[in-house]
Each structure stands twice: as structure tokens, then as C-alpha cells.
$ cat entry-v2.txt   # compact mmCIF, C-alpha atoms and all ligand atoms
# COMPACT_ATOMS: atom_id res chain seq x y z
CA MET P 1 -10.37 -0.53 10.75
CA LYS P 2 -11.68 2.51 12.57
CA VAL P 3 -12.00 6.23 11.89
CA GLU P 4 -13.53 8.15 14.79
CA GLY P 5 -14.74 4.87 16.24
CA LYS P 6 -16.58 3.80 13.09
CA THR P 7 -15.42 0.77 11.09
CA TYR P 8 -14.57 1.35 7.44
CA ARG P 9 -13.03 -0.40 4.50
CA THR P 10 -11.13 1.64 1.91
CA ILE P 11 -13.41 0.74 -1.00
CA TRP P 12 -16.93 -0.60 -1.42
CA PHE P 13 -19.62 -0.94 -4.10
CA GLU P 14 -23.09 0.46 -3.50
CA ASN P 15 -25.96 1.07 -5.95
CA ASN P 16 -23.65 0.69 -8.95
CA ILE P 17 -21.23 3.28 -7.57
CA VAL P 18 -17.74 2.63 -6.21
CA LYS P 19 -17.07 4.44 -2.92
CA ILE P 20 -13.54 5.34 -1.86
CA ILE P 21 -11.91 7.33 0.92
CA ASP P 22 -10.12 10.22 -0.82
CA GLN P 23 -6.60 9.82 0.57
CA THR P 24 -5.35 13.09 -0.90
CA LYS P 25 -7.48 14.88 1.72
CA LEU P 26 -6.21 12.91 4.73
CA PRO P 27 -5.43 13.59 7.53
CA HIS P 28 -7.15 16.97 7.43
CA GLN P 29 -10.47 15.96 5.92
CA PHE P 30 -12.24 12.61 5.80
CA VAL P 31 -14.01 12.59 2.44
CA ILE P 32 -15.84 9.67 0.85
CA LYS P 33 -15.83 9.99 -2.91
CA ASP P 34 -18.00 8.37 -5.60
CA LEU P 35 -16.43 6.76 -8.68
CA LYS P 36 -19.06 6.43 -11.41
CA THR P 37 -17.05 5.75 -14.56
CA VAL P 38 -13.92 3.86 -15.52
CA LYS P 39 -12.26 7.26 -16.13
CA ASP P 40 -13.04 8.16 -12.49
CA SER P 41 -11.22 4.98 -11.39
CA ILE P 42 -8.20 5.68 -13.60
CA ASN P 43 -8.07 9.24 -12.32
CA ALA P 44 -8.36 8.12 -8.67
CA ILE P 45 -5.37 5.80 -9.15
CA LYS P 46 -3.30 8.38 -11.06
CA THR P 47 -3.91 11.21 -8.60
CA MET P 48 -3.47 8.84 -5.64
CA GLU P 49 -6.91 9.40 -4.16
CA VAL P 50 -6.45 5.66 -3.77
CA ARG P 51 -2.93 4.29 -3.47
CA GLY P 52 -1.06 1.32 -2.02
CA ALA P 53 -0.53 -1.80 -4.11
CA PRO P 54 -3.54 -3.93 -3.06
CA LEU P 55 -5.97 -0.99 -3.06
CA ILE P 56 -5.09 0.16 -6.58
CA GLY P 57 -5.63 -3.45 -7.70
CA ALA P 58 -9.10 -3.49 -6.13
CA THR P 59 -9.92 -0.06 -7.60
CA ALA P 60 -8.94 -1.29 -11.06
CA ALA P 61 -11.13 -4.39 -10.61
CA TYR P 62 -14.10 -2.18 -9.75
CA GLY P 63 -13.07 0.14 -12.58
CA LEU P 64 -13.85 -2.70 -14.98
CA VAL P 65 -17.27 -3.12 -13.35
CA LEU P 66 -17.89 0.58 -14.00
CA SER P 67 -16.66 0.17 -17.56
CA ILE P 68 -19.29 -2.53 -18.17
CA LEU P 69 -21.98 -0.39 -16.58
CA GLU P 70 -21.06 2.46 -18.92
CA LYS P 71 -20.86 0.48 -22.14
CA ASN P 72 -21.15 -3.29 -22.17
CA ASP P 73 -18.94 -4.00 -25.13
CA GLN P 74 -15.75 -6.08 -25.39
CA SER P 75 -13.63 -3.50 -27.21
CA PHE P 76 -14.47 -0.78 -24.65
CA LEU P 77 -13.68 -3.25 -21.87
CA LYS P 78 -10.32 -4.08 -23.43
CA ARG P 79 -9.42 -0.42 -23.82
CA SER P 80 -10.46 0.23 -20.21
CA SER P 81 -8.27 -2.63 -19.00
CA GLU P 82 -5.25 -1.27 -20.88
CA GLU P 83 -5.74 2.25 -19.54
CA LEU P 84 -6.18 0.97 -15.99
CA ILE P 85 -2.92 -1.02 -16.16
CA GLN P 86 -1.09 2.08 -17.35
CA ALA P 87 -2.41 4.29 -14.54
CA ARG P 88 0.57 3.44 -12.30
CA PRO P 89 3.51 1.30 -13.39
CA THR P 90 5.30 -0.14 -10.36
CA ALA P 91 2.80 -2.01 -8.18
CA ILE P 92 2.17 -5.41 -9.75
CA ASN P 93 -1.24 -5.79 -8.06
CA LEU P 94 -2.75 -3.41 -10.60
CA ARG P 95 -1.86 -5.62 -13.57
CA TRP P 96 -2.62 -8.76 -11.55
CA ALA P 97 -6.17 -7.62 -10.70
CA VAL P 98 -6.95 -6.41 -14.23
CA GLU P 99 -5.65 -9.63 -15.82
CA ARG P 100 -7.60 -11.73 -13.32
CA MET P 101 -10.80 -9.82 -14.15
CA MET P 102 -10.20 -9.98 -17.92
CA LYS P 103 -9.64 -13.73 -17.77
CA LYS P 104 -13.20 -14.04 -16.44
CA LEU P 105 -14.74 -11.41 -18.72
CA SER P 106 -13.14 -11.77 -22.15
CA GLY P 107 -15.45 -13.25 -24.73
CA ILE P 108 -18.40 -13.49 -22.33
CA ASN P 109 -21.70 -12.23 -23.68
CA SER P 110 -23.11 -9.00 -22.36
CA ASN P 111 -25.94 -10.56 -20.32
CA GLU P 112 -23.55 -12.31 -18.00
CA ASN P 113 -20.66 -9.86 -17.94
CA LEU P 114 -21.84 -7.45 -15.27
CA LYS P 115 -22.75 -10.13 -12.74
CA LEU P 116 -19.44 -11.91 -13.32
CA ALA P 117 -17.45 -8.68 -12.99
CA ILE P 118 -19.11 -7.71 -9.70
CA THR P 119 -18.58 -11.20 -8.28
CA GLU P 120 -14.90 -11.25 -9.27
CA ALA P 121 -14.16 -7.73 -8.00
CA LYS P 122 -15.79 -8.63 -4.68
CA ALA P 123 -13.74 -11.84 -4.56
CA ILE P 124 -10.51 -9.85 -5.06
CA VAL P 125 -11.52 -7.53 -2.23
CA GLU P 126 -12.52 -10.30 0.20
CA GLU P 127 -9.40 -12.27 -0.63
CA ASP P 128 -7.22 -9.27 0.17
CA VAL P 129 -8.95 -8.78 3.52
CA ASN P 130 -8.27 -12.43 4.39
CA PHE P 131 -4.68 -12.29 3.15
CA CYS P 132 -3.95 -9.18 5.20
CA LYS P 133 -5.59 -10.69 8.28
CA ASN P 134 -3.41 -13.79 7.95
CA ILE P 135 -0.29 -11.66 7.41
CA GLY P 136 -1.15 -10.16 10.79
CA ILE P 137 -1.61 -13.52 12.49
CA ASN P 138 1.71 -14.74 11.07
CA GLY P 139 3.67 -11.55 11.78
CA LEU P 140 2.28 -11.36 15.32
CA LYS P 141 4.54 -14.27 16.30
CA ILE P 142 7.68 -12.21 15.58
CA ILE P 143 6.46 -9.27 17.66
CA GLU P 144 5.38 -11.62 20.45
CA GLU P 145 8.82 -13.22 20.53
CA ILE P 146 10.58 -9.85 20.81
CA SER P 147 8.12 -8.75 23.49
CA ASN P 148 8.65 -11.93 25.55
CA LYS P 149 12.42 -11.49 25.39
CA LYS P 150 12.46 -7.75 25.99
CA LYS P 151 9.65 -7.57 28.59
CA ASP P 152 9.07 -4.00 27.49
CA THR P 153 7.44 -2.03 24.66
CA VAL P 154 8.38 -3.28 21.18
CA ASN P 155 9.55 -0.41 18.95
CA ILE P 156 8.74 -1.01 15.31
CA LEU P 157 9.83 1.21 12.43
CA THR P 158 7.75 1.40 9.27
CA HIS P 159 8.07 3.31 6.01
CA CYS P 160 5.37 4.91 3.85
CA ASN P 161 1.86 3.55 4.35
CA ALA P 162 1.43 -0.18 4.15
CA GLY P 163 -1.51 0.17 6.49
CA TRP P 164 -5.20 -0.57 6.02
CA LEU P 165 -5.47 2.54 3.84
CA ALA P 166 -3.11 0.88 1.32
CA THR P 167 -5.20 -2.30 1.28
CA ILE P 168 -8.89 -2.94 1.95
CA ASP P 169 -8.53 -3.61 5.67
CA TRP P 170 -5.78 -4.45 8.23
CA GLY P 171 -2.87 -3.42 5.97
CA THR P 172 0.20 -5.52 5.32
CA ALA P 173 3.02 -4.07 7.47
CA THR P 174 0.53 -2.77 10.03
CA SER P 175 -1.50 -5.96 10.33
CA PRO P 176 0.96 -7.70 12.72
CA ILE P 177 1.04 -4.43 14.71
CA TYR P 178 -2.77 -4.27 14.95
CA HIS P 179 -2.90 -7.93 15.94
CA ALA P 180 -0.20 -7.41 18.60
CA HIS P 181 -2.02 -4.37 20.01
CA GLN P 182 -5.32 -6.26 20.13
CA LYS P 183 -3.56 -9.03 22.06
CA GLY P 184 -2.37 -6.55 24.66
CA ILE P 185 1.31 -6.52 23.60
CA LYS P 186 2.82 -3.07 24.10
CA VAL P 187 3.97 -1.63 20.79
CA HIS P 188 5.21 1.77 19.68
CA VAL P 189 5.68 2.64 16.01
CA TRP P 190 8.33 4.92 14.52
CA VAL P 191 6.60 6.33 11.46
CA ASP P 192 8.88 7.51 8.65
CA GLU P 193 7.41 10.74 7.30
CA THR P 194 8.03 9.44 3.75
CA ARG P 195 8.75 12.42 1.56
CA PRO P 196 7.63 13.71 -0.79
CA ARG P 197 3.95 12.78 -0.33
CA ASN P 198 4.25 12.07 3.39
CA GLN P 199 2.16 8.88 3.36
CA GLY P 200 3.80 7.90 6.66
CA ALA P 201 2.91 11.12 8.46
CA ASN P 202 -0.43 11.72 6.75
CA LEU P 203 -1.78 8.18 6.55
CA THR P 204 0.11 5.70 8.75
CA SER P 205 0.20 7.97 11.79
CA PHE P 206 -3.45 8.92 11.17
CA GLU P 207 -4.63 5.32 11.09
CA LEU P 208 -2.51 4.29 14.10
CA ASN P 209 -3.94 7.23 16.07
CA GLU P 210 -7.47 6.13 15.19
CA GLU P 211 -6.66 2.64 16.53
CA LYS P 212 -4.99 4.20 19.60
CA ILE P 213 -1.57 2.73 18.86
CA PRO P 214 1.31 4.85 20.22
CA ASN P 215 3.39 6.21 17.34
CA THR P 216 5.91 8.93 16.62
CA ILE P 217 6.55 10.56 13.24
CA ILE P 218 10.24 10.90 12.37
CA THR P 219 12.03 12.37 9.37
CA ASP P 220 13.05 9.82 6.78
CA ASN P 221 16.67 10.30 7.80
CA ALA P 222 16.20 9.64 11.52
CA GLY P 223 15.85 5.84 11.38
CA GLY P 224 19.63 5.30 11.29
CA ILE P 225 20.43 7.08 14.53
CA LEU P 226 17.46 5.47 16.29
CA MET P 227 18.80 2.05 15.27
CA GLN P 228 22.30 2.96 16.49
CA ARG P 229 20.79 3.96 19.82
CA GLY P 230 18.96 0.63 20.15
CA GLN P 231 15.57 2.30 19.89
CA VAL P 232 14.28 0.15 17.03
CA ASP P 233 13.54 -3.55 17.73
CA MET P 234 12.40 -4.38 14.21
CA CYS P 235 11.35 -2.85 10.89
CA ILE P 236 8.28 -3.94 8.95
CA VAL P 237 7.56 -2.43 5.55
CA GLY P 238 5.23 -3.24 2.68
CA THR P 239 6.06 -3.84 -0.96
CA ASP P 240 4.66 -2.96 -4.37
CA ARG P 241 6.38 -5.78 -6.19
CA THR P 242 8.46 -8.64 -4.85
CA LEU P 243 10.44 -10.71 -7.30
CA SER P 244 10.60 -14.50 -7.09
CA ASN P 245 14.21 -14.17 -5.85
CA GLY P 246 13.03 -12.14 -2.84
CA ASP P 247 14.12 -8.68 -4.04
CA VAL P 248 11.65 -6.11 -2.76
CA CYS P 249 10.48 -3.00 -4.58
CA ASN P 250 8.85 -0.49 -2.25
CA LYS P 251 8.49 3.23 -1.62
CA ILE P 252 11.64 5.25 -2.19
CA GLY P 253 13.85 5.19 0.92
CA THR P 254 13.08 1.60 1.91
CA TYR P 255 16.48 0.44 0.64
CA LEU P 256 18.38 2.93 2.82
CA LYS P 257 16.38 1.81 5.86
CA ALA P 258 17.27 -1.82 5.11
CA LEU P 259 20.97 -0.91 4.88
CA ALA P 260 20.86 0.84 8.25
CA ALA P 261 18.97 -2.12 9.75
CA LYS P 262 21.63 -4.55 8.48
CA ASP P 263 24.44 -2.44 9.92
CA ASN P 264 22.72 -2.38 13.30
CA ASN P 265 21.46 -5.99 13.43
CA VAL P 266 17.85 -4.85 13.43
CA PRO P 267 15.51 -7.43 11.85
CA PHE P 268 14.03 -6.06 8.62
CA TYR P 269 10.77 -7.74 7.58
CA VAL P 270 8.62 -7.20 4.51
CA ALA P 271 4.89 -7.98 4.67
CA LEU P 272 3.01 -8.89 1.50
CA PRO P 273 0.03 -10.72 0.07
CA SER P 274 0.90 -13.18 -2.71
CA SER P 275 -0.81 -10.84 -5.21
CA THR P 276 2.30 -8.65 -4.87
CA ILE P 277 4.70 -11.32 -6.10
CA ASP P 278 5.94 -10.95 -9.66
CA TRP P 279 6.79 -14.53 -10.64
CA GLU P 280 7.94 -13.49 -14.12
CA LEU P 281 10.55 -10.74 -13.89
CA LYS P 282 13.97 -12.16 -13.08
CA ASP P 283 15.96 -8.98 -12.67
CA HIS P 284 15.00 -6.00 -10.52
CA THR P 285 16.44 -3.53 -13.04
CA GLN P 286 13.48 -4.47 -15.27
CA ILE P 287 10.92 -3.21 -12.75
CA PRO P 288 9.34 -0.02 -14.09
CA ILE P 289 10.10 2.58 -11.44
CA GLU P 290 7.49 5.30 -11.34
CA GLU P 291 8.81 8.83 -11.67
CA ARG P 292 6.19 11.31 -10.53
CA ASN P 293 5.84 15.01 -11.17
CA SER P 294 8.33 17.43 -9.65
CA GLU P 295 5.62 19.45 -7.91
CA GLU P 296 5.24 16.68 -5.33
CA LEU P 297 8.75 17.62 -4.18
CA SER P 298 8.88 21.33 -4.76
CA HIS P 299 5.53 22.08 -3.11
CA VAL P 300 4.03 21.11 0.24
CA GLU P 301 0.44 20.99 1.30
CA GLY P 302 -1.06 21.58 4.72
CA VAL P 303 -3.79 23.43 6.55
CA ASP P 304 -3.65 27.12 7.45
CA LYS P 305 -5.02 28.79 10.59
CA GLU P 306 -8.52 28.79 9.10
CA ASN P 307 -8.23 25.04 8.52
CA LYS P 308 -8.12 25.57 4.75
CA ILE P 309 -5.90 23.21 2.73
CA ARG P 310 -3.14 25.23 1.04
CA LYS P 311 -0.25 24.33 -1.21
CA VAL P 312 3.00 26.32 -1.18
CA ARG P 313 6.28 26.12 -3.10
CA ILE P 314 9.34 25.47 -0.94
CA TYR P 315 12.12 25.10 -3.55
CA PRO P 316 13.94 27.72 -5.64
CA GLN P 317 11.91 28.25 -8.79
CA LYS P 318 14.90 27.57 -11.07
CA SER P 319 16.02 24.29 -9.45
CA LYS P 320 15.79 21.01 -11.29
CA VAL P 321 13.93 18.29 -9.42
CA MET P 322 13.80 14.50 -9.73
CA ASN P 323 11.04 12.47 -8.12
CA LEU P 324 11.70 8.72 -8.21
CA SER P 325 8.95 6.97 -6.27
CA PHE P 326 10.28 3.48 -5.56
CA ASP P 327 13.53 1.65 -4.92
CA VAL P 328 14.61 -1.97 -4.64
CA THR P 329 15.92 -3.65 -1.52
CA PRO P 330 17.97 -6.71 -2.46
CA ALA P 331 16.81 -9.94 -0.81
CA LYS P 332 20.05 -10.23 1.18
CA PHE P 333 18.95 -7.32 3.38
CA VAL P 334 15.52 -8.79 4.13
CA SER P 335 15.20 -10.92 7.30
CA GLY P 336 11.99 -12.55 6.12
CA LEU P 337 8.82 -12.18 4.06
CA ILE P 338 5.59 -12.22 6.06
CA THR P 339 2.84 -13.55 3.81
CA GLU P 340 -0.68 -14.90 4.19
CA LYS P 341 0.74 -18.41 4.07
CA GLY P 342 3.48 -17.95 6.64
CA ILE P 343 6.92 -16.39 6.99
CA CYS P 344 9.66 -17.37 4.58
CA GLU P 345 13.21 -16.50 3.67
CA ALA P 346 13.48 -13.78 1.02
CA SER P 347 14.84 -16.13 -1.64
CA LYS P 348 13.76 -18.21 -4.60
CA LYS P 349 13.67 -21.32 -2.40
CA GLY P 350 11.83 -19.58 0.44
CA LEU P 351 9.06 -18.34 -1.83
CA LYS P 352 8.88 -21.54 -3.87
CA ASP P 353 8.53 -23.73 -0.78
CA LEU P 354 5.73 -21.56 0.58
CA PHE P 355 3.82 -21.07 -2.70
CA LYS P 356 4.28 -24.42 -4.40
O1 LIG Z 401 3.03 5.45 -3.85
P1 LIG Z 401 2.19 4.69 -2.88
O2 LIG Z 401 1.68 5.51 -1.75
O3 LIG Z 401 1.10 3.91 -3.57
O4 LIG Z 401 3.20 3.63 -2.29
C1 LIG Z 401 2.76 2.71 -1.37
C2 LIG Z 401 3.84 1.90 -0.81
O5 LIG Z 401 4.98 2.02 -1.14
C3 LIG Z 401 3.43 0.85 0.14
O6 LIG Z 401 4.51 0.53 0.98
C4 LIG Z 401 3.03 -0.37 -0.63
O7 LIG Z 401 2.06 -0.13 -1.57
C5 LIG Z 401 2.73 -1.48 0.26
S1 LIG Z 401 1.13 -2.12 0.06
C6 LIG Z 401 0.39 -2.39 1.55
$ encode --input "entry-v2.txt" --output "C-alpha cells" --more "lines below"
Ligand code: MRU
Amino acid sequence: MKVEGKTYRTIWFENNIVKIIDQTKLPHQFVIKDLKTVKDSINAIKTMEVRGAPLIGATAAYGLVLSILEKNDQSFLKRSSEELIQARPTAINLRWAVERMMKKLSGINSNENLKLAITEAKAIVEEDVNFCKNIGINGLKIIEEISNKKKDTVNILTHCNAGWLATIDWGTATSPIYHAHQKGIKVHVWVDETRPRNQGANLTSFELNEEKIPNTIITDNAGGILMQRGQVDMCIVGTDRTLSNGDVCNKIGTYLKALAAKDNNVPFYVALPSSTIDWELKDHTQIPIEERNSEELSHVEGVDKENKIRKVRIYPQKSKVMNLSFDVTPAKFVSGLITEKGICEASKKGLKDLFK
């Protein structure tokens, strides 16, 4: 998608270096950063220079390429893979991408390893672009239907950033929106700010602005009243891990939005590539929920009058703080799952029928 009119992807490989857009600097600065070692990749995932389930998967895949470039040896590769998986616990794409890479690379002699790793990492990236594009084509039908009925702008609420910045291109939740906009359907997006890191305000609104899609940032608590007032036609969110029974784990606050949507008969859709489905875990209480550092809550970052990025504390120094990063929305509150293969019911049967 575009930044200042120029088309970008979120990650690419050039002259044995992995290039990323440093998302900790957005929206104030657009910085392209080089990752040269596997440690750089682990650090980029941990510090959220790259974030979003599909993108951290792709960064981990390229992290293994960098690991081979550093030291082409199986035990170093294995250690790198373990450290990459541990960089963030909740999004399943990270483990999925590393395991997919390791399946290709384990036990392969050093002459072939690098070529194989680059090919597989590129395949993961291209596959995600295609998946996200198809999520858009499939989700477009829902927006089109609402637009035909309403004959007016379709108001869509989204949470966090499940946009192109969370993937390689297109995004998951935003892909149907981009497709609708490109088709000339009038859309307006309510963007949840998404405390504490403000991925909605800093990233989703930024990318929608760059694509000239009307959007309004709201506080995380405003969605309920907007739904009561009939100002939300549908919600679309992303997910970091969807269980085979249709339960959806996503950025903290998603669950409360789904509850409000249910109470107000607002359709609540979740968009995801199949790489985000955890076919093994049966019970959502077993999903490791990331708990991040308290400073993300107690401090805020922004630019001052001189356009310098500054961080300030906003909480009492003595207060205890808890920073849970994800929650689970039970399948019964999800109107449908928008995937690369089509739209299905959020249930064991729905997912099974689609992904036989
Ligand atoms: O903590 P983050 O910013 O990585 O969380 C991202 C989300 O919760 C997204 O909704 C999710 O990864 C969807 S992926 C397109």
C-alpha cells in the first residue's frame, strides 16, 4: 500500500539485509531500518518495531535467513528458531512460520541451506500477500451488501491495527475496506485508539489517511455509544490466534467491542489468513496471553512543538499497573470469519468445511 504516494511492503530482503518499516516511529517519522542479524530480528519483534501476527511471522522467517548468513550451522539455527518463537507468545503465526522454515532446513547441508531459507521466507511473504488480497475480495461482498441496502456511507469500526502494517500488504481487517474503497463504495472507518500502544491511532489511521480513506479516531470506550446511536454498520477486526472452535484471540479490548456489537445487533466480523488458525489448542484458557511492561501504560509518547519525539509519565509514580495485551472473544459473538478461502461461521464445523 502507499505512503506519500509511494508503494511499500512492510518487509523485504535486499543484498542479504532485511528491511523493515520501524513502526515504533510511526506516525511521526517514516524510518526504514536494516536487520542484519538474527538478534536484530528478535529485537525488532520484541520491541514491536514490527508487529501484527502475519508480519512477525515473516520477520521470524527472514530472521532464520539472517541466522544462516551469520553462522551456517544446525545448532545455531535451532537456537535461533527457539529464541524467535519466544520473542512474543500470543500470535500463532510466529511459531507457524518458524516451524515451517525449520521443516525445510533441519538436517540440510550448509551448501543448500541459505538458498532454501531465502526461497521459503519469500514464499511465506508472497503467500501472505495473496491471502490478504483474497480476504479483501471475500470481505468486500459484505460491505457491498450493506452499501446496497443502506445507499449511504458504510461505517466500519476496527480495533488495533490489522492493516497492511500488521501484514506484508493489504492487511486483514482493512483489506475488505481497501477493496471497497477501490471499487468506489463509500466507507468511513471508526478507528479505536487502542491503548496502551495506540496502534489504531498511530498505525491504522495513518495508513487509511495515506490511502485517502475517511476515518475518525475514537477512544476505546466510544464504540458502545456509537453502536447505540446506529453509527456503526459493522465491525471488522483481526486476530492473533483463532482456535478451531472459532474463538478469537486479539488485541485487548476486542472482546468488549464484540459484546457491545451483540447487544446492538451490529455484525462483528473477524478477518484472518489460515496461518492464524491454531488447530491444536482446544481451550482458549490455554492461549498464552502476553503481558507487556507497565511503562507502556504509565507513559505516553508523542511529538513536542519542535517535532521531537518525547516520552512522559502520566500515572502516579506509586501506582501498580497491569498490562495484558490480548483477550479472547468467544465464537458465539463472532458473525463470521473472513478468510482467504471464503467466509465461514466461527465454529468447528465452519472452519472444518472451509479448510478440509
Ligand atoms: O500487539 P500487536 O500490535 O502485534 O497486536 C496486533 C493485533 O492485535 C492485530 O489485530 C492482529 O495482529 C491482527 S493481524 C493482521
$ residues_near_ligand --input "entry-v2.txt" --ligand "ligand LIG 401 (chain Z)" --cutoff "6 Å" --atoms "only C-alpha atoms and all ligand atoms" --output "ChimeraX atom specification"
/P:51-54,160-163,166-167,171-172,238-240,250-251
$ write_last_selection --input "entry-v2.txt" --atoms "C-alpha atoms" --output "tab-separated table (two decimals), in the coordinates of the input"
chain	number	residue	atom	x	y	z
P	51	ARG	CA	-2.93	4.29	-3.47
P	52	GLY	CA	-1.06	1.32	-2.02
P	53	ALA	CA	-0.53	-1.80	-4.11
P	54	PRO	CA	-3.54	-3.93	-3.06
P	160	CYS	CA	5.37	4.91	3.85
P	161	ASN	CA	1.86	3.55	4.35
P	162	ALA	CA	1.43	-0.18	4.15
P	163	GLY	CA	-1.51	0.17	6.49
P	166	ALA	CA	-3.11	0.88	1.32
P	167	THR	CA	-5.20	-2.30	1.28
P	171	GLY	CA	-2.87	-3.42	5.97
P	172	THR	CA	0.20	-5.52	5.32
P	238	GLY	CA	5.23	-3.24	2.68
P	239	THR	CA	6.06	-3.84	-0.96
P	240	ASP	CA	4.66	-2.96	-4.37
P	250	ASN	CA	8.85	-0.49	-2.25
P	251	LYS	CA	8.49	3.23	-1.62
$ atom_distance --input "entry-v2.txt" --atom1 "atom CA of Asn138 of chain P" --atom2 "atom CA of Thr216 of chain P"
24.7 Å
$ closest_residue --input "entry-v2.txt" --among "P:Phe206, P:Tyr269, P:Tyr8, P:Phe30" --to "Ser335 of chain P" --atoms "all atoms listed in the file"
P:Tyr269
$ closest_residue --input "entry-v2.txt" --among "P:Gly57, P:Gly336, P:Pro214, P:Gly5" --to "Leu84 of chain P" --atoms "only C-alpha atoms"
P:Gly57
$ closest_residue --input "entry-v2.txt" --among "P:Leu337, P:Met101, P:Leu297, P:Met48" --to "Leu324 of chain P" --atoms "all atoms listed in the file"
P:Leu297
$ residues_around --input "entry-v2.txt" --residues "Tyr178 of chain P" --least-positions-apart "5" --cutoff "12 Å" --atoms "all atoms listed in the file" --output "ChimeraX atom specification"
/P:1-2,132-137,139-140,143,156,163-164,169-173,183-189,207-214
$ atom_distance --input "entry-v2.txt" --atom1 "atom CA of Lys311 of chain P" --atom2 "atom CA of His299 of chain P"
6.5 Å
$ residues_around --input "entry-v2.txt" --residues "Glu99 of chain P" --least-positions-apart "3" --cutoff "10 Å" --atoms "all atoms listed in the file" --output "PyMOL selection string"
chain P and resi 61+81-82+85+93-96+102-105
$ residues_near_point --input "entry-v2.txt" --point "(-16.8, -6.0, -6.3)" --cutoff "6 Å" --atoms "all atoms listed in the file" --output "PDB file with C-alpha atoms, keeping the file's coordinate frame"
ATOM      1  CA  TYR P  62     -14.100  -2.180  -9.750  1.00  0.00           C
ATOM      2  CA  ILE P 118     -19.110  -7.710  -9.700  1.00  0.00           C
ATOM      3  CA  THR P 119     -18.580 -11.200  -8.280  1.00  0.00           C
ATOM      4  CA  ALA P 121     -14.160  -7.730  -8.000  1.00  0.00           C
ATOM      5  CA  LYS P 122     -15.790  -8.630  -4.680  1.00  0.00           C
TER       6      LYS P 122
END
$ closest_residue --input "entry-v2.txt" --among "P:Ile287, P:Lys349, P:Val303, P:Lys36" --to "Asn15 of chain P" --atoms "all atoms listed in the file"
P:Lys36
$ atom_distance --input "entry-v2.txt" --atom1 "atom CA of Ile68 of chain P" --atom2 "atom CA of Ser106 of chain P"
11.8 Å
$ closest_residue --input "entry-v2.txt" --among "P:Phe333, P:Val65, P:Gln86, P:Leu165" --to "Glu120 of chain P" --atoms "all atoms listed in the file"
P:Val65
$ closest_residue --input "entry-v2.txt" --among "P:Asp233, P:Glu83, P:Asp128, P:Glu290" --to "Leu157 of chain P" --atoms "all atoms listed in the file"
P:Asp233
$ residues_around --input "entry-v2.txt" --residues "Arg292 of chain P" --least-positions-apart "3" --cutoff "9 Å" --atoms "all atoms listed in the file" --output "NGL selection string"
:P and (295-296 or 322-325)
$ residues_near_point --input "entry-v2.txt" --point "(-11.8, 5.0, -21.9)" --cutoff "9 Å" --atoms "all atoms listed in the file" --output "mmCIF file with C-alpha atoms, keeping the file's coordinate frame"
data_model
loop_
_atom_site.group_PDB
_atom_site.id
_atom_site.type_symbol
_atom_site.label_atom_id
_atom_site.label_comp_id
_atom_site.auth_asym_id
_atom_site.auth_seq_id
_atom_site.Cartn_x
_atom_site.Cartn_y
_atom_site.Cartn_z
ATOM 1 C CA VAL P 38 -13.920 3.860 -15.520
ATOM 2 C CA LYS P 39 -12.260 7.260 -16.130
ATOM 3 C CA SER P 67 -16.660 0.170 -17.560
ATOM 4 C CA PHE P 76 -14.470 -0.780 -24.650
ATOM 5 C CA LEU P 77 -13.680 -3.250 -21.870
ATOM 6 C CA ARG P 79 -9.420 -0.420 -23.820
ATOM 7 C CA SER P 80 -10.460 0.230 -20.210
ATOM 8 C CA SER P 81 -8.270 -2.630 -19.000
ATOM 9 C CA GLU P 83 -5.740 2.250 -19.540
#
$ residues_around --input "entry-v2.txt" --residues "Val334 of chain P" --least-positions-apart "4" --cutoff "10 Å" --atoms "all atoms listed in the file" --output "ChimeraX atom specification"
/P:235-236,246-248,255,258-259,261-262,267-270,329-330,345-347
$ residues_around --input "entry-v2.txt" --residues "Gln231 of chain P" --least-positions-apart "3" --cutoff "7 Å" --atoms "all atoms listed in the file" --output "NGL selection string"
:P and (155 or 226-227)
$ decode --input "entry-v2.txt" --residues "segment 259-263 of chain P" --atoms "all heavy atoms" --output "compact mmCIF listing (two decimals), in the first residue's frame"
# COMPACT_ATOMS: atom_id res chain seq x y z
N LEU P 259 -19.02 -7.65 22.57
CA LEU P 259 -20.20 -7.66 23.46
C LEU P 259 -21.15 -6.51 23.10
O LEU P 259 -22.36 -6.70 23.00
CB LEU P 259 -19.78 -7.52 24.92
CG LEU P 259 -19.11 -8.73 25.58
CD1 LEU P 259 -18.70 -8.39 27.01
CD2 LEU P 259 -20.03 -9.94 25.58
N ALA P 260 -20.57 -5.35 22.89
CA ALA P 260 -21.39 -4.18 22.54
C ALA P 260 -22.06 -4.40 21.18
O ALA P 260 -23.23 -4.04 20.99
CB ALA P 260 -20.53 -2.92 22.50
N ALA P 261 -21.33 -5.01 20.26
CA ALA P 261 -21.89 -5.27 18.92
C ALA P 261 -23.08 -6.22 19.03
O ALA P 261 -24.13 -6.00 18.43
CB ALA P 261 -20.80 -5.85 18.00
N LYS P 262 -22.93 -7.26 19.83
CA LYS P 262 -24.01 -8.24 20.02
C LYS P 262 -25.26 -7.53 20.57
O LYS P 262 -26.38 -7.74 20.09
CB LYS P 262 -23.53 -9.33 21.00
CG LYS P 262 -24.50 -10.46 21.20
CD LYS P 262 -24.38 -11.43 20.05
CE LYS P 262 -25.30 -12.62 20.19
NZ LYS P 262 -25.28 -13.43 18.97
N ASP P 263 -25.05 -6.71 21.58
CA ASP P 263 -26.18 -6.04 22.24
C ASP P 263 -26.90 -5.09 21.30
O ASP P 263 -28.06 -4.76 21.49
CB ASP P 263 -25.66 -5.27 23.47
CG ASP P 263 -26.79 -4.80 24.36
OD1 ASP P 263 -27.74 -5.59 24.58
OD2 ASP P 263 -26.75 -3.64 24.82
